[in-house]
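Participant: Got a structure for you, written out below as structure tokens; questions coming shortly.
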Amino acid sequence: MREAHPTDEWQMKSNVKDGVCYAQPKTLEQRVAIAQDFTKRYKFPLPFGIDDMGNAADAAYSAWPERLYVIDESGHIAYRGGMGPFNYNPKELREWLAARYGAVNHDTAAAPASAAQASAPAPASTSSTSAK
Amino acid sequence: MLWVILPAATGSDSGVQGSVKRFLKWFAGVVAMLLVAAFAFFSYMAGSPKDAYGMVRYALPHMHRGTLKVGSDAPDARLVALDGTSRFHIRERTGARPLVLVFGSFT
């Protein structure tokens with residue numbers, strides 16, 4: 001989805017410090033390129049899904065700038081995290097998942113469930129998808 | 001040459017107008033102070049006036065609470081895969097097991 005702190009909008013000092021400096025993508029190709037940079041830099045193993053320039057996924061999930069969801073097996077929202085950045089809470093999600101499905105075994109990295117990271121680099125692993 | 005004689009404002013008229021003007025000035029002053037206070041608060045929350053401006057100008061217009069709740073049908077959307085060409089629907093990844101969606105951006 002849209003970059004939160006591109007160089008041509010609201011760039012933060014941390015972007016410069018961490019070397020994460022990108023202009024707001026104007027085309028899908030530019031968004032894909034940023035997502036690819038992310039996965040290469042962090043060797044992200046999870047499946048990625050990139051929102052198209054119409055930002056349909058962002059609109060559907062009110063996701064910008066960052067948010068966490070869990071969709072259960074019946075296709076319903078089982079967990080809806082707070083809106084980032086202040087209410088983005090991966091720890092809370094981990095605890096929720098552990099309470100509902102049991103503790104996560106981080107050693108089994110080769111077991112991709114359905115991870116989708118939408119909007120940005122979406123690491124797809126076991127039930128997790130990153131959306132960019 | 002035409003002389004136009006206008007009636008002088010009466011004492012009561014000028015008094016009312018004066019009160020209205022004073023009220024408007026007071027109101028404008030209060031609004032200005034509230035705006036300055038709001039910007040100062042934003043600057044404090046964001047870390048600096050530049051960040052406060054960035055938050056108001058670039059972030060707030062794109063942040064939406066949305067209407068989804070726990071229990072809602074999960075909306076579907078078509079996403080582009082990392083290769084930039086293939087596409088898939090979020091719904092294609094649901095069913096067999098729970099799906100965690102992590103929305104974010106690199107910057």
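Just remember, in the structure tokens the first chain shown is A, the second B, etc., residues are 1-based per chain, and ligands are 1-based in the order shown.
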As a VMD selection string, could you give me every residue of chain B near chain A (at most 10 Å apart, counting only C-alpha atoms)?
Facilitator: chain B and resid 50 to 59 62 to 107
Participant: Determine which residues of chain B receive a DSSP assignment of strand (DSSP E), computed from the backbone, and state them as a count of residues only.
Facilitator: 11
